[in-house]
$ cat input.pdb   # PDB, C-alpha atoms
ATOM      1  CA  MET A   1       4.600  16.146   9.477
ATOM      2  CA  THR A   2       4.802  15.065   5.837
ATOM      3  CA  LYS A   3       1.431  14.073   4.421
ATOM      4  CA  ILE A   4       1.563  11.472   1.644
ATOM      5  CA  ILE A   5      -0.757  10.367  -1.137
ATOM      6  CA  LEU A   6       0.255   6.826  -2.098
ATOM      7  CA  THR A   7      -0.480   5.563  -5.612
ATOM      8  CA  GLY A   8      -0.478   1.800  -5.977
ATOM      9  CA  ALA A   9      -1.668   1.778  -2.377
ATOM     10  CA  CYS A  10      -3.218  -1.705  -2.406
ATOM     11  CA  GLY A  11      -0.424  -3.464  -4.271
ATOM     12  CA  HIS A  12       2.429  -5.364  -2.656
ATOM     13  CA  MET A  13       4.783  -2.376  -2.492
ATOM     14  CA  GLY A  14       1.939  -0.181  -1.290
ATOM     15  CA  SER A  15       1.475  -2.524   1.660
ATOM     16  CA  VAL A  16       5.195  -2.429   2.441
ATOM     17  CA  VAL A  17       5.204   1.375   2.327
ATOM     18  CA  GLN A  18       2.266   1.402   4.743
ATOM     19  CA  SER A  19       4.168  -0.777   7.203
ATOM     20  CA  VAL A  20       7.213   1.495   7.014
ATOM     21  CA  VAL A  21       5.197   4.681   7.524
ATOM     22  CA  ALA A  22       3.406   3.093  10.500
ATOM     23  CA  THR A  23       6.725   2.956  12.385
ATOM     24  CA  ARG A  24       7.509   6.648  11.882
ATOM     25  CA  GLU A  25       6.305   9.850  13.494
ATOM     26  CA  ASP A  26       7.414  12.323  10.810
ATOM     27  CA  CYS A  27       4.972  11.277   8.078
ATOM     28  CA  GLU A  28       1.528   9.795   7.437
ATOM     29  CA  ILE A  29      -0.449   8.481   4.478
ATOM     30  CA  VAL A  30      -3.613  10.563   4.122
ATOM     31  CA  ALA A  31      -5.005   8.918   0.964
ATOM     32  CA  GLY A  32      -4.292   6.197  -1.548
ATOM     33  CA  VAL A  33      -5.028   5.502  -5.199
ATOM     34  CA  ASP A  34      -5.500   2.037  -6.663
ATOM     35  CA  LYS A  35      -7.669   0.346  -9.257
ATOM     36  CA  TYR A  36      -8.329  -2.494  -6.807
ATOM     37  CA  ILE A  37      -9.499  -1.106  -3.478
ATOM     38  CA  ASN A  38      -8.718  -3.032  -0.303
ATOM     39  CA  PRO A  39     -11.312  -2.095   2.370
ATOM     40  CA  SER A  40      -8.890  -2.958   5.187
ATOM     41  CA  VAL A  41      -6.498  -0.134   4.250
ATOM     42  CA  PRO A  42      -6.565   2.445   7.123
ATOM     43  CA  PHE A  43      -7.025   5.525   4.892
ATOM     44  CA  PRO A  44      -9.368   6.458   2.032
ATOM     45  CA  VAL A  45      -8.464   4.866  -1.312
ATOM     46  CA  TYR A  46      -9.718   6.170  -4.668
ATOM     47  CA  GLU A  47      -9.695   4.720  -8.165
ATOM     48  CA  SER A  48      -8.136   7.852  -9.645
ATOM     49  CA  LEU A  49      -6.006  10.776  -8.494
ATOM     50  CA  ASP A  50      -8.642  13.255  -9.603
ATOM     51  CA  SER A  51     -10.942  11.928  -6.872
ATOM     52  CA  VAL A  52      -8.489  12.685  -4.063
ATOM     53  CA  SER A  53      -9.485  15.706  -1.965
ATOM     54  CA  GLU A  54      -7.195  15.237   1.057
ATOM     55  CA  GLU A  55      -4.436  17.795   1.621
ATOM     56  CA  ALA A  56      -0.952  16.404   1.146
ATOM     57  CA  ASN A  57       2.644  17.531   0.613
ATOM     58  CA  VAL A  58       3.856  14.778  -1.680
ATOM     59  CA  VAL A  59       2.692  11.919  -3.893
ATOM     60  CA  VAL A  60       4.647   8.663  -3.658
ATOM     61  CA  ASP A  61       4.152   6.498  -6.737
ATOM     62  CA  PHE A  62       4.409   2.704  -6.767
ATOM     63  CA  SER A  63       1.962   2.094  -9.604
ATOM     64  CA  ASN A  64       2.609   1.531 -13.315
ATOM     65  CA  PRO A  65       4.449   3.464 -16.060
ATOM     66  CA  SER A  66       1.207   3.709 -18.071
ATOM     67  CA  LEU A  67      -0.198   6.083 -15.423
ATOM     68  CA  LEU A  68       2.612   8.620 -15.716
ATOM     69  CA  ASP A  69       0.630  11.291 -17.592
ATOM     70  CA  ASP A  70      -2.170  11.288 -15.009
ATOM     71  CA  LEU A  71       0.406  11.409 -12.226
ATOM     72  CA  LEU A  72       2.305  14.370 -13.649
ATOM     73  CA  ASN A  73      -0.864  16.287 -14.517
ATOM     74  CA  PHE A  74      -2.268  15.855 -11.010
ATOM     75  CA  CYS A  75       0.936  16.977  -9.305
ATOM     76  CA  ILE A  76       1.363  19.962 -11.627
ATOM     77  CA  ASN A  77      -2.268  21.078 -11.314
ATOM     78  CA  ASN A  78      -2.206  20.726  -7.519
ATOM     79  CA  SER A  79       1.399  21.853  -6.866
ATOM     80  CA  LYS A  80       2.444  18.574  -5.250
ATOM     81  CA  ALA A  81       5.949  17.198  -4.907
ATOM     82  CA  LEU A  82       6.354  13.780  -6.498
ATOM     83  CA  VAL A  83       8.458  10.743  -5.577
ATOM     84  CA  ILE A  84       8.608   8.318  -8.502
ATOM     85  CA  ALA A  85       9.396   4.794  -7.316
ATOM     86  CA  THR A  86       7.950   3.013 -10.368
ATOM     87  CA  THR A  87      10.417   1.594 -12.912
ATOM     88  CA  GLY A  88      10.277   0.669 -16.593
ATOM     89  CA  TYR A  89       9.860   4.102 -18.201
ATOM     90  CA  ASP A  90      10.839   4.582 -21.845
ATOM     91  CA  GLU A  91      12.860   7.535 -23.140
ATOM     92  CA  GLU A  92       9.788   9.576 -24.070
ATOM     93  CA  GLN A  93       8.382   9.188 -20.561
ATOM     94  CA  LYS A  94      11.709  10.141 -19.003
ATOM     95  CA  SER A  95      11.640  13.315 -21.075
ATOM     96  CA  LYS A  96       8.159  14.102 -19.725
ATOM     97  CA  ILE A  97       9.455  13.656 -16.175
ATOM     98  CA  THR A  98      12.339  16.028 -16.885
ATOM     99  CA  GLU A  99       9.993  18.658 -18.338
ATOM    100  CA  ALA A 100       7.613  18.361 -15.374
ATOM    101  CA  SER A 101      10.509  18.882 -12.948
ATOM    102  CA  LYS A 102      10.766  22.442 -14.273
ATOM    103  CA  ILE A 103       7.360  23.096 -12.709
ATOM    104  CA  ILE A 104       7.239  20.836  -9.624
ATOM    105  CA  PRO A 105       9.840  19.110  -7.413
ATOM    106  CA  ILE A 106      10.373  15.497  -8.537
ATOM    107  CA  PHE A 107      12.463  12.806  -6.874
ATOM    108  CA  PHE A 108      13.419  10.247  -9.510
ATOM    109  CA  THR A 109      15.935   7.433  -9.288
ATOM    110  CA  TYR A 110      16.164   3.970 -10.822
ATOM    111  CA  ASN A 111      16.513   2.395  -7.382
ATOM    112  CA  MET A 112      15.332   3.630  -3.978
ATOM    113  CA  SER A 113      17.860   1.552  -2.042
ATOM    114  CA  LEU A 114      20.564   3.494  -0.196
ATOM    115  CA  GLY A 115      22.867   0.506  -0.700
ATOM    116  CA  ILE A 116      22.498   0.531  -4.479
ATOM    117  CA  ASN A 117      23.298   4.212  -4.627
ATOM    118  CA  LEU A 118      26.382   3.580  -2.498
ATOM    119  CA  LEU A 119      27.310   0.807  -4.959
ATOM    120  CA  ALA A 120      27.152   3.323  -7.813
ATOM    121  CA  SER A 121      29.493   5.650  -5.919
ATOM    122  CA  LEU A 122      31.929   2.817  -5.205
ATOM    123  CA  ALA A 123      31.871   1.795  -8.875
ATOM    124  CA  LYS A 124      32.803   5.320  -9.929
ATOM    125  CA  LYS A 125      35.674   5.311  -7.434
ATOM    126  CA  ALA A 126      36.836   1.934  -8.746
ATOM    127  CA  VAL A 127      36.989   3.301 -12.301
ATOM    128  CA  GLN A 128      39.053   6.246 -11.117
ATOM    129  CA  VAL A 129      41.562   3.907  -9.446
ATOM    130  CA  LEU A 130      41.648   1.111 -12.032
ATOM    131  CA  GLY A 131      41.692   3.276 -15.138
ATOM    132  CA  ASN A 132      41.299   1.685 -18.563
ATOM    133  CA  GLY A 133      42.976  -1.635 -17.825
ATOM    134  CA  PHE A 134      39.859  -3.555 -16.767
ATOM    135  CA  ASP A 135      36.881  -4.881 -18.716
ATOM    136  CA  ILE A 136      33.569  -4.062 -17.032
ATOM    137  CA  GLU A 137      30.505  -6.306 -16.910
ATOM    138  CA  ILE A 138      27.225  -5.811 -15.009
ATOM    139  CA  ILE A 139      25.068  -8.793 -14.026
ATOM    140  CA  GLU A 140      21.576  -8.211 -12.639
ATOM    141  CA  GLN A 141      19.103 -10.782 -11.313
ATOM    142  CA  HIS A 142      15.384 -10.337 -10.601
ATOM    143  CA  HIS A 143      12.213 -12.370 -10.073
ATOM    144  CA  ASN A 144      10.424 -14.021 -12.965
ATOM    145  CA  GLN A 145       7.591 -11.465 -12.962
ATOM    146  CA  LYS A 146       9.782  -8.472 -13.806
ATOM    147  CA  ILE A 147       8.938  -7.123 -17.247
ATOM    148  CA  ASP A 148      11.821  -4.815 -18.182
ATOM    149  CA  ALA A 149      15.331  -6.045 -18.955
ATOM    150  CA  PRO A 150      17.933  -4.903 -18.300
ATOM    151  CA  SER A 151      16.799  -3.374 -15.051
ATOM    152  CA  GLY A 152      16.770   0.379 -14.643
ATOM    153  CA  THR A 153      19.259  -0.084 -11.818
ATOM    154  CA  ALA A 154      21.719  -1.879 -14.100
ATOM    155  CA  LEU A 155      21.487   1.012 -16.541
ATOM    156  CA  MET A 156      21.940   3.491 -13.691
ATOM    157  CA  LEU A 157      25.135   1.692 -12.648
ATOM    158  CA  ALA A 158      26.375   1.606 -16.241
ATOM    159  CA  ASP A 159      25.692   5.327 -16.652
ATOM    160  CA  ALA A 160      27.583   6.097 -13.425
ATOM    161  CA  ILE A 161      30.593   4.105 -14.653
ATOM    162  CA  LYS A 162      30.444   5.648 -18.119
ATOM    163  CA  GLU A 163      30.762   9.137 -16.610
ATOM    164  CA  GLU A 164      34.209   8.228 -15.260
ATOM    165  CA  LEU A 165      35.645   6.623 -18.413
ATOM    166  CA  ASP A 166      37.718   8.683 -20.826
ATOM    167  CA  ARG A 167      36.785   6.735 -23.954
ATOM    168  CA  PRO A 168      33.621   6.229 -26.037
ATOM    169  CA  ILE A 169      31.452   3.526 -24.452
ATOM    170  CA  LYS A 170      28.621   1.400 -25.780
ATOM    171  CA  TYR A 171      26.409  -1.018 -23.861
ATOM    172  CA  GLU A 172      26.523  -4.613 -25.074
ATOM    173  CA  TYR A 173      23.360  -6.517 -24.088
ATOM    174  CA  ASP A 174      23.768  -9.804 -25.924
ATOM    175  CA  ARG A 175      26.758 -11.523 -27.485
ATOM    176  CA  HIS A 176      25.290 -14.819 -28.688
ATOM    177  CA  SER A 177      25.024 -13.623 -32.280
ATOM    178  CA  LYS A 178      28.507 -12.107 -32.427
ATOM    179  CA  ARG A 179      31.662 -13.956 -33.385
ATOM    180  CA  GLU A 180      34.331 -11.463 -32.418
ATOM    181  CA  LYS A 181      36.555 -10.484 -29.533
ATOM    182  CA  ARG A 182      35.321  -8.190 -26.826
ATOM    183  CA  THR A 183      36.296  -4.577 -27.427
ATOM    184  CA  LYS A 184      37.574  -2.093 -24.853
ATOM    185  CA  ASN A 185      34.797   0.396 -25.516
ATOM    186  CA  GLU A 186      31.912  -1.657 -24.150
ATOM    187  CA  ILE A 187      30.182  -2.424 -20.875
ATOM    188  CA  GLY A 188      28.426  -5.777 -20.903
ATOM    189  CA  ILE A 189      25.003  -5.866 -19.232
ATOM    190  CA  HIS A 190      23.389  -9.242 -18.499
ATOM    191  CA  SER A 191      19.908 -10.027 -17.164
ATOM    192  CA  ILE A 192      18.762 -13.098 -15.242
ATOM    193  CA  ARG A 193      15.085 -13.713 -14.421
ATOM    194  CA  GLY A 194      13.908 -16.454 -12.095
ATOM    195  CA  GLY A 195      12.057 -17.408  -8.944
ATOM    196  CA  THR A 196      11.424 -14.706  -6.373
ATOM    197  CA  ILE A 197      14.770 -12.901  -6.528
ATOM    198  CA  VAL A 198      14.161  -9.399  -5.144
ATOM    199  CA  GLY A 199      17.196  -7.803  -6.748
ATOM    200  CA  GLU A 200      20.865  -8.725  -7.182
ATOM    201  CA  HIS A 201      23.404  -6.474  -8.910
ATOM    202  CA  GLU A 202      27.067  -7.246  -9.463
ATOM    203  CA  ILE A 203      29.754  -5.205 -11.206
ATOM    204  CA  LEU A 204      32.753  -7.179 -12.420
ATOM    205  CA  PHE A 205      36.059  -5.477 -13.189
ATOM    206  CA  ALA A 206      38.092  -8.088 -15.077
ATOM    207  CA  GLY A 207      41.774  -7.289 -15.490
ATOM    208  CA  ARG A 208      44.984  -9.103 -16.220
ATOM    209  CA  ASP A 209      45.282 -11.940 -13.693
ATOM    210  CA  GLU A 210      42.870 -10.316 -11.225
ATOM    211  CA  ASN A 211      39.134  -9.691 -10.895
ATOM    212  CA  ILE A 212      37.302  -7.268  -8.641
ATOM    213  CA  LYS A 213      33.600  -7.601  -7.838
ATOM    214  CA  LEU A 214      31.251  -5.073  -6.277
ATOM    215  CA  SER A 215      27.774  -6.312  -5.448
ATOM    216  CA  HIS A 216      24.500  -5.511  -3.718
ATOM    217  CA  SER A 217      21.787  -7.918  -2.636
ATOM    218  CA  ALA A 218      18.267  -6.828  -1.709
ATOM    219  CA  ARG A 219      16.731  -9.410   0.633
ATOM    220  CA  SER A 220      13.277  -7.840   0.757
ATOM    221  CA  LYS A 221      11.335  -5.058  -0.932
ATOM    222  CA  GLU A 222      11.315  -3.117   2.325
ATOM    223  CA  VAL A 223      14.642  -1.483   1.375
ATOM    224  CA  PHE A 224      12.878   0.237  -1.545
ATOM    225  CA  ALA A 225       9.943   1.314   0.615
ATOM    226  CA  VAL A 226      12.265   2.797   3.255
ATOM    227  CA  GLY A 227      14.088   4.766   0.576
ATOM    228  CA  ALA A 228      10.834   6.053  -0.918
ATOM    229  CA  VAL A 229       9.513   7.200   2.460
ATOM    230  CA  ASN A 230      12.826   8.906   3.250
ATOM    231  CA  ALA A 231      12.568  10.643  -0.110
ATOM    232  CA  ALA A 232       8.991  11.772   0.605
ATOM    233  CA  VAL A 233      10.009  13.390   3.890
ATOM    234  CA  TYR A 234      13.011  14.988   2.188
ATOM    235  CA  MET A 235      10.852  16.433  -0.616
ATOM    236  CA  LYS A 236       8.476  18.348   1.641
ATOM    237  CA  ASP A 237       8.670  22.072   0.801
ATOM    238  CA  LYS A 238      11.287  21.604  -1.936
ATOM    239  CA  VAL A 239      11.305  23.950  -4.925
ATOM    240  CA  ALA A 240      10.810  22.758  -8.511
ATOM    241  CA  GLY A 241      13.624  20.634  -9.878
ATOM    242  CA  MET A 242      14.910  17.093 -10.294
ATOM    243  CA  TYR A 243      16.157  15.345  -7.151
ATOM    244  CA  ASP A 244      17.700  11.932  -6.586
ATOM    245  CA  MET A 245      19.392   9.843  -3.919
ATOM    246  CA  ALA A 246      22.641  11.812  -4.161
ATOM    247  CA  GLU A 247      20.968  14.845  -2.537
ATOM    248  CA  LEU A 248      19.274  12.718   0.109
ATOM    249  CA  ILE A 249      22.443  10.945   1.295
ATOM    250  CA  ASP A 250      24.761  13.959   0.938
TER     251      ASP A 250
END

$ encode --input "input.pdb" --output "structure tokens"
Amino acid sequence: MTKIILTGACGHMGSVVQSVVATREDCEIVAGVDKYINPSVPFPVYESLDSVSEEANVVVDFSNPSLLDDLLNFCINNSKALVIATTGYDEEQKSKITEASKIIPIFFTYNMSLGINLLASLAKKAVQVLGNGFDIEIIEQHHNQKIDAPSGTALMLADAIKEELDRPIKYEYDRHSKREKRTKNEIGIHSIRGGTIVGEHEILFAGRDENIKLSHSARSKEVFAVGAVNAAVYMKDKVAGMYDMAELID
């Protein structure tokens, strides 16, 4: 049985994670952490990680990037595995996550969806087949409350594609101020924000007289919760290091 501490327990994603865990027999949430405590939550909830006394194998985080230092310190000091499902980290914070993974096991990916990670694999295969003859553009769509743009998932897809290309690549985020032809050494990344879109990602390979599109559509946030819970169960008893969806689906 994997015992979970859930940060962001009373938020929307925390509620979805609770519903997913409730259907499983291989894990349970033993405690939660949230600034706003919901008394109807069926486990103890604390305002800070330092107040948690329950024994657990792993912390699953659906909180806020600003809480990263507290999260890493708690897991290091208490030898807990960590599943990071929060997005929007800057480069300095990513470096802190990498350093912490030398001490504790950390599962970190830009998107917890199995489908998105399959999309990244398919994109890499497409590059191998298509070679250098196609221009590549990534279009991502999210709800109007999302703060970061482009999405971490779009950058993850771009990074996966870049690994397979045999030429220098730059990411082009905005062309409105440029009056020049598109170059071969760029991947265009475009962000759309509106309504309640959960998450849409499309990769366009535009060639001579033919276009190829790979896409993924998330219809509810449950896909991210399922991935995070799968990751939590997977991380039980793991040694220190950085883990991602590639190990989980291998």

$ resolve_selection --input "input.pdb" --expression "the PyMOL selection byres ((chain A and resi 107-109) around 7)" --output "PyMOL selection string"
chain A and resi 82-84+105-106+110-112+242-245

$ resolve_selection --input "input.pdb" --expression "the PyMOL selection byres ((chain A and resi 125) around 12)" --output "PyMOL selection string"
chain A and resi 118-124+126-131+160-165+214

$ residues_around --input "input.pdb" --residues "A:Ser19" --least-positions-apart "6" --cutoff "10 Å" --atoms "all atoms listed in the file" --output "ChimeraX atom specification"
/A:13,222,225-226

$ resolve_selection --input "input.pdb" --expression "the PyMOL selection byres ((chain A and resi 72) around 12)" --output "PyMOL selection string"
chain A and resi 49-50+59-61+65-71+73-84+93-106

$ atom_distance --input "input.pdb" --atom1 "atom CA of A:Gly32" --atom2 "atom CA of A:Ser217"
29.7 Å

$ atom_distance --input "input.pdb" --atom1 "atom CA of A:Ile4" --atom2 "atom CA of A:Ile29"
4.6 Å

$ atom_distance --input "input.pdb" --atom1 "atom CA of A:Met235" --atom2 "atom CA of A:Val21"
15.4 Å

$ closest_residue --input "input.pdb" --among "A:Ala206, A:Val223, A:Ala31, A:Val52" --to "A:Lys184" --atoms "all atoms listed in the file"
A:Ala206

$ axis_aligned_box --input "input.pdb" --around "stretch 79-97 of chain A" --padding-each-side "5 Å" --output "lines of an AutoDock Vina configuration file"
center_x = 7.1
center_y = 11.3
center_z = -14.5
size_x = 21.5
size_y = 31.2
size_z = 29.2
